[in-house]
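Novice: Take this structure, written in structure tokens, and hold onto it; I'll ask about it next.
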Amino acid sequence: MARMTRREFLKASSAVVALSGLAGCASTGGAPTTTSTPGDLAPNRSGRRVIVIGGGWGGATAAKYVRMQDPAIEVVLLEPNDKFISCPFSNLVVSGVRSIESLTFGYDGLRKQHGVKIMRESATAIEPDAHRVRLARGFLTYDRLIVAPGIDFQTEQIEGLAAAGDRVLHAWKAGPQTVALAQQLKEMPDDGVFVLSVPPAAYRCPPGPYERACQVAWYLKTRKPRAKLIVLDANQNVISKPALFRAAWQAYPNLEYRASNKVVKVDAAARELTTEFGDKVRYDVANVIPPQRAAAIAVQADLVGVDKRWCEVNHVTYESVKAKDVHVVGDSTIGIPVPKSGTVANSMGKIAATAVVNLLNGRPAPEMPPINTCYSWVSDTEVMAVINAYRIDSGKVVQIEQKLTPGQSALYAHHAEAWATSIWADILA
Ligand SMILES: Cc1cc2nc3c(=O)[nH]c(=O)nc-3n(C[C@H](O)[C@H](O)[C@H](O)COP(=O)(O)OP(=O)(O)OC[C@H]3O[C@@H](n4cnc5c(N)ncnc54)[C@H](O)[C@@H]3O)c2cc1C
């Protein structure tokens with residue numbers, strides 16, 4: 001067996017210290033499901049432990065709502081990042097309208113107000129039969145697991161993209177790439193060409209790329225009027241709010257939209273993208289949003305369908321159709337007629353939490369449909385929106401109706417700000 005360095009030993013010890021509170025968590029009378037087993041970072045003495053993988057829109061909500069509904073249930077949230085950075089509104093960071101700091105929040109509310117035990121770690125594997133989640137240095141057992149890791153990129157589907165490294169950004173997980181893309185836009189030549197590529201559906205946030213197109217076009221119009229934006233869309237048409245986006249683009253003659261133009265190759269040295277029909281498009285800044293699938297942990301745990309992309313779940317409990325006592329929420333899921341949005345992930349987090357609390361208390365899960373609202377910023381001051389309502393019909397989520405705002409306005413921008421403030425608090429405070 002390899003010897004531990006002093007640094008590794010200290011790291012491992014601090015993980016155990018961080019977890020020591022877990023082992024002593026209030027028991028609710030359930031028999032211990034695990035005694036001390038080598039590698040068990042904190043034996044599950046309460047017998048009512050929920051582990052949540054991922055502290056984003058779905059997972060942080062689920063962790064909070066399990067604790068709010070039954071404080072006797074122990075909740076452990078695994079999240080490698082120490083801050084939550086909101087993707088919603090991050091297109092405004094690209095255009096310099098907002099700062100990344102204004103979208104960045106800590107996890108203190110979950111920890112202090114709701115008693116969620118947060119470990120700054122990634123889950124490395126899930127063992128559904130043993131009810132275990134593996135971490136770098138051992139494992140934790142659970143009674144119910146909620147998996148909310150979001151998406152990962154199928155970078156390998158675009159030749160040359162991996163090799164392009166930081167020269168070609170996606171900025172599709174808010175954070176350092178968002179700030180770096182804003183910088184690339186700022187530094188672009190005054191008569192430069194910005195190319196934005198939209199991946200084939202399904203992907204995170206259907207209107208998101210078109211909102212980004214508005215923000216880049218707005219920035220260029222106001223700061224670099226000789227520059228141009230080309231949108232290369234892998235889809236046959238704008239796939240969300242098409243009439244509203246096309247109306248908004250009337251204000252941006254600097255925006256050229258090309259449907260059915262899937263990017264298949266990046267040549268970062270020549271600053272050139274190639275589409276599937278062989279067209280070559282030269283750029284000064286390329287923002288390539290790659291095709292997507294459920295995040296690595298969900299794929300590796302085989303929670304995904306035959307296409308190895310998305311997780312199928314029960315529409316009432318969000319339990320995986322492939323693994324018992326494992327629930328999946330947020331962008332990793334598919335099969336439910338809802339978009340991959342933050343509002344939906346937040347909604348799923350609450351519904352899955354309610355299901356888990358009921359099931360752990362021997363009660364059936366109530367039928368609760370999700371909701372969706374999605375605001376899109378078309379300039380620095382104006383917004384338009386869509387809202388979807390759903391119901392549960394014979395155990396399946398079905399859409400009842402979809403409503404769009406009649407156009408864009410500054411009033412809807414106020415609604416968007418109110419939505420963001422309240423949903424961030426709902427997730428984290
Ligand atoms: C530019 C942009 C704009 C958007 N605008 C909107 C909008 O206006 N409105 C809206 O509703 N939605 C919007 N969205 C979509 C929204 O951000 C997503 O739908 C939402 O974040 C999905 O939530 P999630 O919990 O599934 O994933 P995330 O919020 O991405 O959370 C996943 C978390 O899991 C963690 N994780 C991953 N793997 C592991 C692991 N192995 N172990 C532990 N943790 C792990 C990650 O670190 C991450 O924190 C936008 C998205 C983008 C990119």
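Ligands are numbered from 1 in the order shown, residues from 1 within each chain, and chains are lettered A, B, ... in the order they appear in the structure tokens.
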Can you pull out every residue within 6 Å of range 81-88 of chain A, counting only C-alpha atoms, but drop anything in the same chain fewer than 6 positions away, and send it as a ChimeraX atom specification?
Specialist: /A:103-106,174
Novice: Restricting it to N, CA and C atoms, dump the selection as a compact mmCIF listing (two decimals), in the first residue's frame.
Specialist:
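File again13.txt, as written:
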```txt
# COMPACT_ATOMS: atom_id res chain seq x y z
N LEU A 103 -23.73 37.93 -8.63
CA LEU A 103 -24.41 36.64 -8.85
C LEU A 103 -23.81 35.54 -7.98
N THR A 104 -22.95 35.93 -7.05
CA THR A 104 -22.20 34.95 -6.25
C THR A 104 -22.67 34.97 -4.80
N PHE A 105 -22.98 33.78 -4.28
CA PHE A 105 -23.54 33.67 -2.92
C PHE A 105 -22.86 32.54 -2.15
N GLY A 106 -22.81 32.66 -0.82
CA GLY A 106 -22.24 31.61 0.02
C GLY A 106 -23.32 30.61 0.44
N ALA A 174 -21.58 29.33 -15.04
CA ALA A 174 -21.16 30.68 -14.63
C ALA A 174 -19.95 30.61 -13.70
```
Novice: Which residues are near Asp307 in chain A? Cut-off 12 Å, only C-alpha atoms, ignore same chain within fewer than 3 positions. Put them as a PyMOL selection string.
Specialist: chain A and resi 292-294+299+302-304+310-312+334
Novice: Which polymer residues have any atom within 9 Å of an atom of Ala416 in chain A, counting only C-alpha atoms, with same-chain residues fewer than 4 positions away left out, as a ChimeraX atom specification?
Specialist: /A:374-377,383-385,411-412,420-421
Novice: Create the file for the chosen residues now, containing C-alpha atoms and written as a short mmCIF file (atom, residue, chain, number, x, y, z; two decimals), in the first residue's frame.
Specialist:
```cif
data_model
loop_
_atom_site.label_atom_id
_atom_site.label_comp_id
_atom_site.auth_asym_id
_atom_site.auth_seq_id
_atom_site.Cartn_x
_atom_site.Cartn_y
_atom_site.Cartn_z
CA CYS A 374 -37.84 32.16 -17.86
CA TYR A 375 -36.86 35.80 -18.35
CA SER A 376 -34.52 36.85 -21.17
CA TRP A 377 -32.60 40.13 -21.23
CA VAL A 383 -36.72 41.76 -20.79
CA MET A 384 -39.28 39.34 -22.23
CA ALA A 385 -40.49 36.12 -20.65
CA LEU A 411 -41.32 46.59 -16.55
CA TYR A 412 -40.53 42.91 -17.25
CA ALA A 420 -33.99 36.43 -9.23
CA THR A 421 -33.89 37.96 -5.76
#
```
Novice: Give one line per residue of range 14-129 of chain A that approaches range 207-213 of chain A to at most 10 Å, naming the two atoms of the closest pair and their distance in Å to one decimal, counting only C-alpha atoms; sort by chain then ascending residue number and deliver it as a tab-separated table.
Specialist:
```
residue	atom	partner	partner_atom	distance
A:Cys87	CA	A:Gly208	CA	9.4
A:Pro88	CA	A:Gly208	CA	8.5
A:Phe89	CA	A:Gly208	CA	9.6
A:Ser90	CA	A:Arg212	CA	9.0
A:Asn91	CA	A:Arg212	CA	5.4
A:Leu92	CA	A:Arg212	CA	8.1
A:Val94	CA	A:Arg212	CA	8.0
A:Ser95	CA	A:Arg212	CA	8.5
```
Novice: Would you export the selected residues with C-alpha atoms as a PDB file, in the first residue's frame, please?
Specialist:
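Done, and the output landed in result_25.pdb:
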```
ATOM      1  CA  CYS A  87     -26.045  31.078 -14.435  1.00  0.00           C
ATOM      2  CA  PRO A  88     -29.292  33.076 -14.744  1.00  0.00           C
ATOM      3  CA  PHE A  89     -28.269  36.713 -15.355  1.00  0.00           C
ATOM      4  CA  SER A  90     -24.684  35.647 -16.222  1.00  0.00           C
ATOM      5  CA  ASN A  91     -25.190  36.748 -19.843  1.00  0.00           C
ATOM      6  CA  LEU A  92     -25.321  40.260 -18.346  1.00  0.00           C
ATOM      7  CA  VAL A  94     -20.609  38.962 -20.580  1.00  0.00           C
ATOM      8  CA  SER A  95     -22.004  42.328 -21.731  1.00  0.00           C
TER       9      SER A  95
END
```
Novice: Which is closest to Lys262 in chain A among A:Arg223, A:Val198, A:Leu185, A:Cys205, if we use only C-alpha atoms?
Specialist: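 Using only C-alpha atoms, the shortest distance to Lys262 in chain A belongs to A:Val198.
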Novice: As a PyMOL selection string, please: the residues near Val386 in chain A (cut-off 7 Å, only C-alpha atoms, same-chain neighbours under 2 positions excluded).
Specialist: chain A and resi 373-375+388+403-405
Novice: Let's have the selection written as a PDB file, in the first residue's frame, with C-alpha atoms.
Specialist:
```pdb
ATOM      1  CA  THR A 373     -40.675  30.873 -15.732  1.00  0.00           C
ATOM      2  CA  CYS A 374     -37.843  32.161 -17.857  1.00  0.00           C
ATOM      3  CA  TYR A 375     -36.864  35.800 -18.346  1.00  0.00           C
ATOM      4  CA  ASN A 388     -45.262  27.242 -18.471  1.00  0.00           C
ATOM      5  CA  LYS A 403     -47.791  32.064 -22.075  1.00  0.00           C
ATOM      6  CA  LEU A 404     -45.388  34.618 -23.511  1.00  0.00           C
ATOM      7  CA  THR A 405     -45.118  38.292 -22.748  1.00  0.00           C
TER       8      THR A 405
END
```
Novice: Please produce, as a Markdown table, a per-residue contact table for range 255-323 of chain A versus range 237-240 of chain A (criterion: any atom at most 10 Å away, only C-alpha atoms considered), showing the nearest atom pair and its distance in Å to one decimal, sorted by chain then residue number.
Specialist:
```
| residue | atom | partner | partner_atom | distance |
| --- | --- | --- | --- | --- |
| A:Tyr257 | CA | A:Val238 | CA | 9.2 |
| A:Arg258 | CA | A:Asn237 | CA | 8.7 |
| A:Ala259 | CA | A:Asn237 | CA | 5.6 |
| A:Ser260 | CA | A:Asn237 | CA | 7.4 |
```
Novice: Env of Pro290 in chain A: 10 Å cut, atoms = only C-alpha atoms, seq-sep filter 2 positions within chain, self excluded. Answer as a list of chain:residue names.
Specialist: A:Asp152, A:Phe153, A:Gln154, A:Thr155, A:Glu156, A:Gln157, A:Ile158, A:Leu161, A:Leu169, A:His170, A:Trp172, A:Ser197, A:Val198, A:Pro199, A:Pro200, A:Tyr203, A:Val263, A:Val264, A:Asn287, A:Val288, A:Gln292, A:Arg293
Novice: Could you pull out all residues of range 254-387 of chain A with a DSSP call of strand (DSSP E or B) and give them as a ChimeraX atom specification?
Specialist: /A:255-258,263-267,272-275,280-282,285-288,292-294,304,311,313,319-320,326-328,333,371-377,383-387
Novice: Kindly save the residues from that selection, with C-alpha atoms included, as a tab-separated table (two decimals), in the first residue's frame.
Specialist:
```tsv
chain	number	residue	atom	x	y	z
A	255	LEU	CA	-26.43	40.31	-35.74
A	256	GLU	CA	-26.46	37.67	-38.47
A	257	TYR	CA	-28.40	34.51	-37.58
A	258	ARG	CA	-27.69	31.27	-39.50
A	263	VAL	CA	-20.19	23.67	-35.66
A	264	VAL	CA	-18.10	20.49	-36.02
A	265	LYS	CA	-14.54	21.82	-35.99
A	266	VAL	CA	-12.52	24.55	-34.28
A	267	ASP	CA	-9.16	25.71	-35.60
A	272	GLU	CA	-11.82	29.49	-37.94
A	273	LEU	CA	-14.92	27.36	-37.27
A	274	THR	CA	-16.20	24.73	-39.69
A	275	THR	CA	-19.87	23.76	-39.91
A	280	LYS	CA	-15.72	28.01	-42.86
A	281	VAL	CA	-16.36	31.01	-40.61
A	282	ARG	CA	-13.50	33.23	-39.49
A	285	VAL	CA	-13.80	35.75	-30.67
A	286	ALA	CA	-15.49	32.33	-30.76
A	287	ASN	CA	-17.99	31.39	-28.06
A	288	VAL	CA	-18.69	27.72	-28.70
A	292	GLN	CA	-24.33	18.53	-23.52
A	293	ARG	CA	-25.30	15.54	-21.40
A	294	ALA	CA	-25.96	14.81	-17.71
A	304	VAL	CA	-28.62	7.76	-17.92
A	311	CYS	CA	-31.57	10.54	-16.67
A	313	VAL	CA	-37.08	9.62	-13.54
A	319	GLU	CA	-36.68	8.52	-8.27
A	320	SER	CA	-34.42	7.20	-11.01
A	326	VAL	CA	-31.74	7.43	-5.90
A	327	HIS	CA	-33.58	10.59	-7.01
A	328	VAL	CA	-32.37	12.86	-9.82
A	333	THR	CA	-33.01	14.76	-16.10
A	371	ILE	CA	-43.51	25.20	-12.85
A	372	ASN	CA	-41.34	27.17	-15.26
A	373	THR	CA	-40.68	30.87	-15.73
A	374	CYS	CA	-37.84	32.16	-17.86
A	375	TYR	CA	-36.86	35.80	-18.35
A	376	SER	CA	-34.52	36.85	-21.17
A	377	TRP	CA	-32.60	40.13	-21.23
A	383	VAL	CA	-36.72	41.76	-20.79
A	384	MET	CA	-39.28	39.34	-22.23
A	385	ALA	CA	-40.49	36.12	-20.65
A	386	VAL	CA	-42.23	32.79	-20.95
A	387	ILE	CA	-44.21	30.90	-18.33
```
Novice: I'd like to know which of A:Pro43, A:Gly342, A:Pro406, A:Pro176 is closest to ligand 1, using only C-alpha atoms and all ligand atoms.
Specialist: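 Counting only C-alpha atoms and all ligand atoms, the residue closest to ligand 1 is A:Gly342.
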Novice: Identify, on the basis of only C-alpha atoms, every residue whose closest approach to Arg226 in chain A does not exceed 12 Å; exclude the query and any residue fewer than 2 positions from it along the same chain; express the result as a compact mmCIF listing (two decimals) with C-alpha atoms, in the first residue's frame.
Specialist:
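Produced file around22.txt, reproduced below:
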```txt
# COMPACT_ATOMS: atom_id res chain seq x y z
CA MET A 188 -12.00 42.29 -29.62
CA PRO A 189 -10.94 44.60 -32.50
CA ASP A 190 -13.41 47.42 -33.20
CA ASP A 191 -14.28 45.88 -36.58
CA GLY A 192 -14.03 42.29 -35.31
CA VAL A 193 -16.31 39.26 -35.70
CA PHE A 194 -17.77 37.48 -32.66
CA ALA A 217 -25.14 42.42 -30.07
CA TYR A 219 -22.57 45.48 -26.40
CA LEU A 220 -21.20 45.69 -29.96
CA LYS A 221 -23.87 48.16 -31.03
CA THR A 222 -23.06 50.50 -28.14
CA ARG A 223 -19.25 50.01 -27.91
CA LYS A 224 -17.98 48.69 -31.27
CA LYS A 228 -20.41 42.00 -36.10
CA LEU A 229 -22.01 38.98 -34.39
CA PRO A 253 -28.52 44.92 -37.63
CA ASN A 254 -25.03 43.81 -36.52
CA LEU A 255 -26.43 40.31 -35.74
```
Novice: What's the separation between CA of Glu74 in chain A and CA of Ile51 in chain A, in Å to one decimal place?
Specialist: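 According to the coordinates, CA of Glu74 in chain A and CA of Ile51 in chain A are separated by 8.3 Å.
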Novice: Taking only C-alpha atoms and all ligand atoms into account, name the residue in A:Ala345, A:Ala389, A:Val398, A:Val75 that is nearest to ligand 1.
Specialist: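 Closest candidate: A:Ala345.
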Novice: Write out as number ranges by chain each polymer residue whose atoms come within 9 Å of range 119-122 of chain A, counting only C-alpha atoms; drop sequence neighbours fewer than 5 positions from it.
Specialist: A: 15, 18-19, 53-54, 76-82, 134-136
Novice: Suppose we keep C-alpha atoms; can you now write the selection as a PDB file, in the first residue's frame?
Specialist:
```pdb
ATOM      1  CA  ALA A  15     -12.052  15.633   6.193  1.00  0.00           C
ATOM      2  CA  ALA A  18     -15.268  18.093   9.172  1.00  0.00           C
ATOM      3  CA  LEU A  19     -17.451  15.026   9.222  1.00  0.00           C
ATOM      4  CA  ILE A  53     -24.856  15.535  -4.784  1.00  0.00           C
ATOM      5  CA  GLY A  54     -24.500  19.069  -6.156  1.00  0.00           C
ATOM      6  CA  VAL A  76     -25.294  16.009   3.774  1.00  0.00           C
ATOM      7  CA  LEU A  77     -24.667  18.197   0.742  1.00  0.00           C
ATOM      8  CA  LEU A  78     -21.619  17.397  -1.410  1.00  0.00           C
ATOM      9  CA  GLU A  79     -20.426  20.361  -3.479  1.00  0.00           C
ATOM     10  CA  PRO A  80     -16.826  21.039  -4.575  1.00  0.00           C
ATOM     11  CA  ASN A  81     -17.270  24.825  -4.927  1.00  0.00           C
ATOM     12  CA  ASP A  82     -17.406  27.055  -1.864  1.00  0.00           C
ATOM     13  CA  ARG A 134     -17.804   7.400  -2.727  1.00  0.00           C
ATOM     14  CA  LEU A 135     -15.596  10.421  -2.121  1.00  0.00           C
ATOM     15  CA  ALA A 136     -11.855  10.728  -2.738  1.00  0.00           C
TER      16      ALA A 136
END
```
Novice: Give me, as a PDB file with C-alpha atoms, in the first residue's frame, the residues of range 70-218 of chain A that a backbone DSSP run labels alpha helix (DSSP H).
Specialist:
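To be explicit, this is the file written out as result_13.pdb:
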```pdb
ATOM      1  CA  ASN A  91     -25.190  36.748 -19.843  1.00  0.00           C
ATOM      2  CA  LEU A  92     -25.321  40.260 -18.346  1.00  0.00           C
ATOM      3  CA  VAL A  93     -21.794  39.727 -17.033  1.00  0.00           C
ATOM      4  CA  VAL A  94     -20.609  38.962 -20.580  1.00  0.00           C
ATOM      5  CA  ASP A 108     -23.972  29.883   5.123  1.00  0.00           C
ATOM      6  CA  HIS A 114     -31.215  24.875   8.091  1.00  0.00           C
ATOM      7  CA  LEU A 161     -12.240  22.185 -29.260  1.00  0.00           C
ATOM      8  CA  ALA A 162     -10.356  20.453 -26.440  1.00  0.00           C
ATOM      9  CA  ALA A 163      -7.030  21.517 -27.979  1.00  0.00           C
ATOM     10  CA  ALA A 164      -8.258  25.131 -28.212  1.00  0.00           C
ATOM     11  CA  PRO A 176     -14.250  32.230 -14.416  1.00  0.00           C
ATOM     12  CA  GLN A 177     -15.177  31.497 -18.057  1.00  0.00           C
ATOM     13  CA  THR A 178     -17.987  34.073 -17.895  1.00  0.00           C
ATOM     14  CA  VAL A 179     -15.535  36.756 -16.779  1.00  0.00           C
ATOM     15  CA  ALA A 180     -12.941  35.637 -19.351  1.00  0.00           C
ATOM     16  CA  LEU A 181     -15.491  35.791 -22.192  1.00  0.00           C
ATOM     17  CA  ALA A 182     -16.486  39.332 -21.147  1.00  0.00           C
ATOM     18  CA  GLN A 183     -12.796  40.239 -21.349  1.00  0.00           C
ATOM     19  CA  GLN A 184     -12.409  38.669 -24.812  1.00  0.00           C
ATOM     20  CA  LEU A 185     -15.408  40.689 -26.018  1.00  0.00           C
ATOM     21  CA  LYS A 186     -13.954  43.877 -24.582  1.00  0.00           C
ATOM     22  CA  GLU A 187     -10.573  43.256 -26.205  1.00  0.00           C
ATOM     23  CA  GLY A 208     -29.931  31.173 -23.019  1.00  0.00           C
ATOM     24  CA  PRO A 209     -27.858  31.299 -26.253  1.00  0.00           C
ATOM     25  CA  TYR A 210     -30.341  33.705 -27.881  1.00  0.00           C
ATOM     26  CA  GLU A 211     -30.276  35.910 -24.772  1.00  0.00           C
ATOM     27  CA  ARG A 212     -26.475  35.844 -25.020  1.00  0.00           C
ATOM     28  CA  ALA A 213     -26.747  36.854 -28.690  1.00  0.00           C
ATOM     29  CA  CYS A 214     -28.842  39.875 -27.603  1.00  0.00           C
ATOM     30  CA  GLN A 215     -26.303  40.839 -24.951  1.00  0.00           C
ATOM     31  CA  VAL A 216     -23.296  40.546 -27.295  1.00  0.00           C
ATOM     32  CA  ALA A 217     -25.142  42.417 -30.074  1.00  0.00           C
ATOM     33  CA  TRP A 218     -26.183  45.139 -27.598  1.00  0.00           C
TER      34      TRP A 218
END
```
Novice: Under the rule that only C-alpha atoms and all ligand atoms are counted, which of A:Pro339, A:Gly47, A:Gly395, A:Pro291 is the nearest residue to ligand 1?
Specialist: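 Closest to ligand 1, using only C-alpha atoms and all ligand atoms: A:Pro339.
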Novice: Counting only C-alpha atoms and all ligand atoms, figure out which residue out of A:Lys173, A:Arg391, A:Lys396, A:Arg45 gets nearest to ligand 1.
Specialist: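 Checking each of A:Lys173, A:Arg391, A:Lys396, A:Arg45 against ligand 1, counting only C-alpha atoms and all ligand atoms, the winner is A:Lys173.
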Novice: Can you work out which one of A:Leu110, A:Val321, A:Ile289, A:Ala130 has the shortest atom-to-atom distance to ligand 1, counting only C-alpha atoms and all ligand atoms?
Specialist: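 Smallest separation from ligand 1 among the options: A:Ile289.
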